[in-house]
file model-v7.txt (compact mmCIF, C-alpha atoms)
# COMPACT_ATOMS: atom_id res chain seq x y z
CA MET E 51 -50.33 -24.53 77.52
CA LYS E 52 -51.39 -27.84 76.01
CA TYR E 53 -49.26 -30.95 75.89
CA LEU E 54 -48.35 -33.63 73.36
CA ILE E 55 -47.82 -37.33 74.02
CA VAL E 56 -46.13 -40.05 71.98
CA ASN E 57 -45.63 -43.74 72.77
CA ASP E 58 -43.75 -46.15 70.54
CA GLN E 59 -44.34 -49.29 72.61
CA ALA E 60 -47.01 -51.68 71.36
CA THR E 61 -46.92 -54.05 74.32
CA LEU E 62 -48.10 -52.98 77.77
CA THR E 63 -45.55 -55.06 79.62
CA SER E 64 -42.74 -53.49 77.59
CA MET E 65 -43.49 -50.03 78.91
CA GLY E 66 -41.09 -48.23 81.19
CA ALA E 67 -37.74 -47.70 79.50
CA VAL E 68 -36.12 -44.65 77.95
CA ASP E 69 -36.90 -43.77 74.34
CA GLN E 70 -40.48 -44.98 74.58
CA THR E 71 -43.07 -42.63 75.98
CA PHE E 72 -42.83 -38.86 76.04
CA MET E 73 -45.02 -35.95 77.12
CA PHE E 74 -43.93 -32.42 76.24
CA PRO E 75 -45.37 -28.91 75.95
CA GLN E 76 -46.50 -27.63 72.57
CA ASN E 77 -43.88 -24.89 72.60
CA ARG E 78 -40.94 -27.35 72.73
CA VAL E 79 -41.37 -28.26 69.07
CA LEU E 80 -38.35 -27.18 67.06
CA GLY E 81 -39.32 -28.23 63.56
CA ILE E 82 -40.34 -30.91 61.11
CA GLU E 83 -37.80 -32.42 58.74
CA SER E 84 -38.18 -34.71 55.76
CA ILE E 85 -35.68 -37.56 56.07
CA ASN E 86 -36.47 -39.83 53.15
CA ASP E 87 -39.39 -41.08 51.08
CA THR E 88 -41.07 -42.77 54.03
CA THR E 89 -39.83 -40.90 57.09
CA THR E 90 -40.47 -37.47 58.56
CA ASN E 91 -38.90 -36.32 61.79
CA LEU E 92 -40.53 -34.08 64.36
CA LEU E 93 -37.77 -32.45 66.40
CA VAL E 94 -38.38 -31.37 69.99
CA GLN E 95 -36.10 -29.54 72.38
CA GLY E 96 -34.27 -32.18 74.40
CA THR E 97 -36.04 -33.21 77.55
CA ASN E 98 -32.82 -34.50 79.08
CA ASP E 99 -30.35 -32.15 77.41
CA VAL E 100 -31.60 -28.68 76.60
CA ASP E 101 -28.97 -27.99 73.93
CA ASP E 102 -29.84 -31.11 71.95
CA GLU E 103 -33.07 -32.39 70.45
CA ASP E 104 -35.36 -35.35 70.91
CA THR E 105 -36.47 -37.03 67.71
CA ILE E 106 -39.93 -38.29 66.96
CA VAL E 107 -39.96 -40.37 63.77
CA LEU E 108 -43.21 -40.33 61.84
CA VAL E 109 -43.35 -43.09 59.24
CA HIS E 110 -45.59 -42.68 56.21
CA ALA E 111 -46.31 -44.24 52.84
CA ASP E 112 -43.76 -43.87 50.06
CA LYS E 113 -44.03 -40.33 48.73
CA SER E 114 -42.13 -41.31 45.58
CA ALA E 115 -45.07 -43.45 44.51
CA ALA E 116 -47.64 -41.68 42.39
CA ALA E 117 -50.56 -42.89 44.44
CA THR E 118 -49.15 -41.51 47.68
CA HIS E 119 -47.19 -38.58 46.34
CA LYS E 120 -48.69 -36.05 48.79
CA VAL E 121 -48.69 -38.24 51.86
CA GLU E 122 -45.81 -36.48 53.58
CA ARG E 123 -47.27 -33.05 52.88
CA ASN E 124 -50.55 -34.20 54.37
CA LEU E 125 -48.79 -35.77 57.34
CA ILE E 126 -47.07 -32.47 58.08
CA ASP E 127 -50.50 -30.82 58.03
CA ASP E 128 -51.71 -33.49 60.45
CA ALA E 129 -48.78 -32.91 62.76
CA VAL E 130 -49.11 -29.12 62.74
CA SER E 131 -52.81 -29.40 63.41
CA ALA E 132 -52.18 -31.69 66.38
CA ILE E 133 -49.38 -29.52 67.73
CA ASN E 134 -51.56 -26.43 67.60
CA SER E 135 -54.63 -28.20 68.90
CA ASP E 136 -56.39 -26.40 71.72
CA SER E 137 -57.55 -29.68 73.18
CA ARG E 138 -60.17 -29.49 75.92
CA LEU E 139 -58.45 -32.46 77.53
CA GLY E 140 -55.22 -30.52 77.86
CA PHE E 141 -53.25 -32.94 75.74
CA THR E 142 -53.13 -34.43 72.26
CA VAL E 143 -51.74 -37.89 71.53
CA LEU E 144 -49.68 -37.70 68.34
CA PHE E 145 -49.34 -41.45 68.19
CA ASP E 146 -49.59 -44.38 70.57
CA LEU E 147 -48.73 -47.87 69.35
CA LEU E 148 -50.21 -49.48 72.46
CA ASN E 149 -53.64 -48.00 71.89
CA ASN E 150 -53.47 -47.81 68.08
CA ILE E 151 -53.66 -44.03 67.88
CA LYS E 152 -51.95 -42.20 65.02
CA LEU E 153 -52.06 -39.18 62.80
CA PRO E 154 -54.32 -39.72 59.77
CA ASN E 155 -51.50 -39.99 57.23
CA GLN E 156 -49.04 -41.76 59.50
CA THR E 157 -47.96 -45.41 59.53
CA LEU E 158 -47.69 -46.64 63.10
CA ALA E 159 -45.16 -49.42 62.46
CA GLY E 160 -41.68 -47.98 62.74
CA SER E 161 -42.74 -44.68 64.26
CA THR E 162 -40.47 -44.03 67.22
CA TYR E 163 -39.35 -41.62 69.91
CA THR E 164 -35.69 -41.17 70.81
CA GLU E 165 -34.21 -38.95 73.53
CA ASP E 166 -31.13 -36.93 72.68
CA MET H 225 -31.44 -19.94 77.15
CA ILE H 226 -34.96 -20.15 75.85
CA ARG H 227 -37.52 -18.74 78.21
CA THR H 228 -40.95 -20.11 77.68
CA MET H 229 -43.34 -17.97 79.65
CA ASN H 230 -46.40 -17.36 77.54
CA ALA H 231 -47.52 -13.85 78.39
CA GLN H 232 -51.08 -14.68 77.35
CA GLU H 233 -51.40 -17.29 80.05
CA LYS H 234 -51.45 -16.93 83.78
CA GLU H 235 -48.98 -19.07 85.64
CA LEU H 236 -49.95 -22.47 86.94
CA PHE H 237 -48.10 -23.90 89.91
CA MET H 238 -47.70 -27.62 90.59
CA TYR H 239 -47.34 -28.75 94.19
CA VAL H 240 -45.78 -32.02 95.29
CA ALA H 241 -44.90 -33.27 98.79
CA GLU H 242 -42.86 -36.36 99.43
CA ASP H 243 -44.15 -37.37 102.83
CA ALA H 244 -46.45 -36.61 105.69
CA THR H 245 -43.82 -34.93 107.84
CA TYR H 246 -43.19 -32.07 105.42
CA ASP H 247 -39.50 -31.91 106.25
CA THR H 248 -37.27 -29.33 104.64
CA GLY H 249 -36.72 -30.18 101.00
CA ASP H 250 -39.62 -32.60 100.88
CA GLN H 251 -42.04 -30.19 99.27
CA ALA H 252 -41.75 -28.17 96.08
CA ILE H 253 -43.74 -26.03 93.73
CA PHE H 254 -42.93 -26.12 90.02
CA LYS H 255 -44.12 -23.68 87.39
CA ALA H 256 -45.93 -25.24 84.46
CA SER H 257 -44.10 -22.81 82.16
CA ASP H 258 -40.80 -24.37 83.30
CA PHE H 259 -41.93 -27.85 82.29
CA VAL H 260 -39.56 -29.44 79.77
CA GLY H 261 -40.94 -32.95 79.38
CA ALA H 262 -41.86 -36.23 81.00
CA THR H 263 -40.45 -39.67 80.24
CA CYS H 264 -40.36 -43.18 81.68
CA VAL H 265 -37.83 -44.16 84.33
CA ASP H 266 -38.86 -47.79 84.73
CA ASP H 267 -42.10 -49.75 84.67
CA SER H 268 -43.64 -47.86 87.59
CA ASN H 269 -41.95 -44.43 87.60
CA THR H 270 -42.35 -41.38 85.40
CA ILE H 271 -40.06 -38.36 85.69
CA PHE H 272 -41.17 -34.76 85.06
CA ARG H 273 -38.36 -32.32 84.27
CA PHE H 274 -38.31 -28.55 84.75
CA TYR H 275 -35.96 -25.68 84.20
CA PRO H 276 -34.17 -25.33 87.54
CA GLN H 277 -34.85 -22.72 90.15
CA ASP H 278 -31.12 -21.99 90.03
CA ARG H 279 -30.93 -20.33 86.62
CA GLY H 280 -27.14 -20.28 86.74
CA ILE H 281 -27.16 -24.04 86.23
CA MET H 282 -28.56 -23.58 82.73
CA GLY H 283 -25.69 -21.32 81.75
CA ASN H 284 -22.92 -23.86 82.19
CA ILE H 285 -21.12 -23.62 78.86
CA GLY H 286 -20.06 -27.02 77.60
CA ALA H 287 -21.89 -28.88 80.33
CA ASP H 288 -25.25 -30.53 80.29
CA PRO H 289 -27.94 -28.88 82.36
CA VAL H 290 -29.27 -30.24 85.59
CA TYR H 291 -33.02 -30.08 85.77
CA ASP H 292 -35.31 -29.84 88.72
CA THR H 293 -37.50 -32.91 88.69
CA PHE H 294 -40.18 -34.83 90.44
CA THR H 295 -40.76 -38.52 89.84
CA LEU H 296 -44.14 -40.14 90.35
CA THR H 297 -44.31 -43.77 91.44
CA HIS H 298 -47.46 -45.27 90.01
CA THR H 299 -49.31 -48.39 88.97
CA THR H 300 -47.14 -50.61 86.78
CA ASP H 301 -47.17 -49.69 83.07
CA ALA H 302 -49.48 -46.70 83.63
CA HIS H 303 -47.12 -44.08 82.21
CA ILE H 304 -49.47 -42.88 79.50
CA GLU H 305 -52.41 -42.50 81.87
CA VAL H 306 -50.27 -40.63 84.41
CA MET H 307 -48.97 -38.30 81.71
CA LYS H 308 -52.50 -37.65 80.49
CA GLY H 309 -53.74 -36.97 84.00
CA VAL H 310 -50.99 -34.52 84.79
CA ALA H 311 -51.30 -32.84 81.39
CA SER H 312 -55.00 -32.25 81.97
CA ALA H 313 -54.34 -30.89 85.44
CA ILE H 314 -51.73 -28.37 84.33
CA SER H 315 -53.26 -27.14 81.09
CA ASN H 316 -55.59 -24.51 82.48
CA PRO H 317 -54.71 -21.21 80.72
CA HIS H 318 -56.18 -19.27 83.63
CA GLY H 319 -53.39 -20.53 85.86
CA GLY H 320 -53.80 -21.66 89.42
CA PHE H 321 -52.47 -24.13 91.93
CA VAL H 322 -52.61 -27.87 91.34
CA VAL H 323 -51.72 -30.56 93.87
CA ILE H 324 -49.99 -33.22 91.80
CA GLN H 325 -49.18 -35.48 94.73
CA ASP H 326 -49.34 -34.89 98.44
CA ASP H 327 -48.22 -37.94 100.34
CA LEU H 328 -49.90 -36.77 103.49
CA GLY H 329 -53.08 -37.82 101.72
CA THR H 330 -51.60 -41.10 100.61
CA ALA H 331 -50.38 -41.95 104.10
CA PHE H 332 -53.71 -41.04 105.57
CA SER H 333 -55.72 -43.32 103.38
CA SER H 334 -53.34 -46.25 103.06
CA ASP H 335 -54.34 -47.55 106.49
CA GLY H 336 -57.79 -48.23 105.08
CA SER H 337 -59.56 -46.79 108.06
CA SER H 338 -61.07 -43.82 106.30
CA LEU H 339 -61.38 -44.05 102.57
CA GLY H 340 -60.48 -47.68 102.27
CA THR H 341 -58.55 -47.09 99.11
CA ALA H 342 -55.31 -45.59 97.93
CA MET H 343 -55.67 -41.85 97.63
CA THR H 344 -54.37 -40.03 94.63
CA ASP H 345 -54.58 -36.28 94.22
CA ILE H 346 -55.27 -36.44 90.49
CA ASN H 347 -57.99 -38.71 89.22
CA TYR H 348 -56.21 -40.86 86.65
CA ALA H 349 -58.08 -42.86 84.04
CA PRO H 350 -57.62 -46.64 84.14
CA ILE H 351 -55.09 -48.22 81.77
CA ALA H 352 -56.91 -48.16 78.46
CA SER H 353 -55.95 -51.62 77.25
CA THR H 354 -56.68 -53.51 80.47
CA GLY H 355 -59.02 -51.38 82.60
CA THR H 356 -56.59 -51.58 85.51
CA ALA H 357 -57.13 -48.73 87.96
CA VAL H 358 -54.27 -46.24 88.14
CA ALA H 359 -52.94 -44.62 91.28
CA VAL H 360 -49.83 -42.73 92.24
CA SER H 361 -48.29 -43.97 95.46
CA ALA H 362 -45.29 -41.69 95.95
CA VAL H 363 -43.36 -38.74 94.64
CA THR H 364 -39.64 -38.01 94.76
CA ILE H 365 -38.34 -34.47 94.38
CA THR H 366 -34.92 -33.55 93.05
CA THR H 367 -34.08 -29.88 92.86
CA VAL H 368 -30.80 -28.15 92.17
CA ASP H 369 -31.09 -26.10 95.32
CA ALA H 370 -32.24 -28.94 97.54
call {"tool": "encode", "arguments": {"input": "model-v7.txt", "output": "structure tokens"}}
result
Amino acid sequence: MKYLIVNDQATLTSMGAVDQTFMFPQNRVLGIESINDTTTNLLVQGTNDVDDEDTIVLVHADKSAAATHKVERNLIDDAVSAINSDSRLGFTVLFDLLNNIKLPNQTLAGSTYTED
Amino acid sequence: MIRTMNAQEKELFMYVAEDATYDTGDQAIFKASDFVGATCVDDSNTIFRFYPQDRGIMGNIGADPVYDTFTLTHTTDAHIEVMKGVASAISNPHGGFVVIQDDLGTAFSSDGSSLGTAMTDINYAPIASTGTAVAVSAVTITTVDA
């Protein structure tokens, strides 16, 4: 099993509260849902409540604009690729605001993690 | 309840021990296939949650489950590095036995007479943004059956 990590804190000294940093197994992913023109949610089985879900918000460019019409579709490809990654390290970082890591078609600002 | 055992993988067991005396309830082994997720507790603690040994707990209709957990106390703000270190240690598809934290080792080395440095059972990378060395100093186990 490989593992996925997200972190929505951009400041080191702000680390350490709920709804910030999350590590979970690949097989906890429930689905990916389009929310609006700039937001896609990755839903994960709740880490604190098994019959609820944790929500990872992936922000992207406006898919209603002609120039970025396919950005959400490409972001979903990015996410699926990362989720299925057979990383030699044992983990894949989906996004990390502190260390400026993101999926290729993602916008870091506004991307968040929220426990159920 | 969703069971998550991947039949293509051999099981990996994670060992933690709270102290050097190894009293009853101070040691536990968790299956990697029972791992649910890890999140922050505060600026120096990260909690790892697992499906409980007592499977009946997960069947409580209308009630939230109670997970088995262990919490690692670590260098301040090192949550990401600790998560990465543990993830690497428990990702071997061939299974095995991994010592996540054994505080016998920590107690042994904290007097400085032997290794002269804090001993951590997993070799964690330093905090990426500062280079600060990362160590785990303690573990706390909470199990349903404890």
call {"tool": "interface_residues", "arguments": {"input": "model-v7.txt", "of": "chain E", "to": "chain H", "cutoff": "6 Å", "atoms": "all atoms listed in the file", "output": "list in words"}}
result
Met51, Lys52, Met65, Gly66, Ala67, Val68, Thr71, Phe72, Met73, Phe74, Thr97, Leu139, Gly140 and Phe141 of chain E
call {"tool": "residues_around", "arguments": {"input": "model-v7.txt", "residues": "E:Leu148", "least_positions_apart": "5", "cutoff": "9 Å", "atoms": "only C-alpha atoms", "output": "list of chain:residue names"}}
result
E:Asn57, E:Asp58, E:Gln59, E:Ala60, E:Thr61, E:Leu62, H:Ser353
call {"tool": "residues_around", "arguments": {"input": "model-v7.txt", "residues": "H:Glu242", "least_positions_apart": "5", "cutoff": "7 Å", "atoms": "only C-alpha atoms", "output": "PyMOL selection string"}}
result
chain H and resi 250-251+326-327+362-364
call {"tool": "atom_distance", "arguments": {"input": "model-v7.txt", "atom1": "atom CA of E:Leu125", "atom2": "atom CA of E:Leu153"}}
result
7.2 Å
call {"tool": "atom_distance", "arguments": {"input": "model-v7.txt", "atom1": "atom CA of H:Val358", "atom2": "atom CA of H:Glu305"}}
result
7.5 Å
call {"tool": "atom_distance", "arguments": {"input": "model-v7.txt", "atom1": "atom CA of H:Tyr348", "atom2": "atom CA of E:Ala132"}}
result
22.6 Å
call {"tool": "residues_around", "arguments": {"input": "model-v7.txt", "residues": "E:Ser131", "least_positions_apart": "4", "cutoff": "12 Å", "atoms": "all atoms listed in the file", "output": "ChimeraX atom specification"}}
result
/E:54,76,124-127,135-137,142-144,153-154
call {"tool": "closest_atom_pairs", "arguments": {"input": "model-v7.txt", "of": "stretch 51-98 of chain E", "to": "stretch 102-112 of chain E", "cutoff": "8 Å", "atoms": "only C-alpha atoms", "output": "CSV"}}
result
residue,atom,partner,partner_atom,distance
E:Asp87,CA,E:Asp112,CA,5.3
E:Thr88,CA,E:Asp112,CA,4.9
E:Thr89,CA,E:Val109,CA,4.7
E:Thr90,CA,E:Leu108,CA,5.1
E:Asn91,CA,E:Val107,CA,4.6
E:Leu92,CA,E:Ile106,CA,5.0
E:Leu93,CA,E:Thr105,CA,4.9
E:Val94,CA,E:Asp104,CA,5.1
E:Gln95,CA,E:Glu103,CA,4.6
E:Gly96,CA,E:Glu103,CA,4.1
E:Thr97,CA,E:Asp104,CA,7.0
call {"tool": "closest_residue", "arguments": {"input": "model-v7.txt", "among": "H:Val323, H:Val306, H:Ile346, H:Ala252", "to": "H:Thr366", "atoms": "only C-alpha atoms"}}
result
H:Ala252
call {"tool": "closest_residue", "arguments": {"input": "model-v7.txt", "among": "E:Ser84, E:Asn77, E:Ala129, E:Phe145", "to": "E:Leu158", "atoms": "only C-alpha atoms"}}
result
E:Phe145
call {"tool": "closest_residue", "arguments": {"input": "model-v7.txt", "among": "H:Ala359, H:Gln277, H:Thr248, H:Lys255", "to": "H:Thr297", "atoms": "all atoms listed in the file"}}
result
H:Ala359
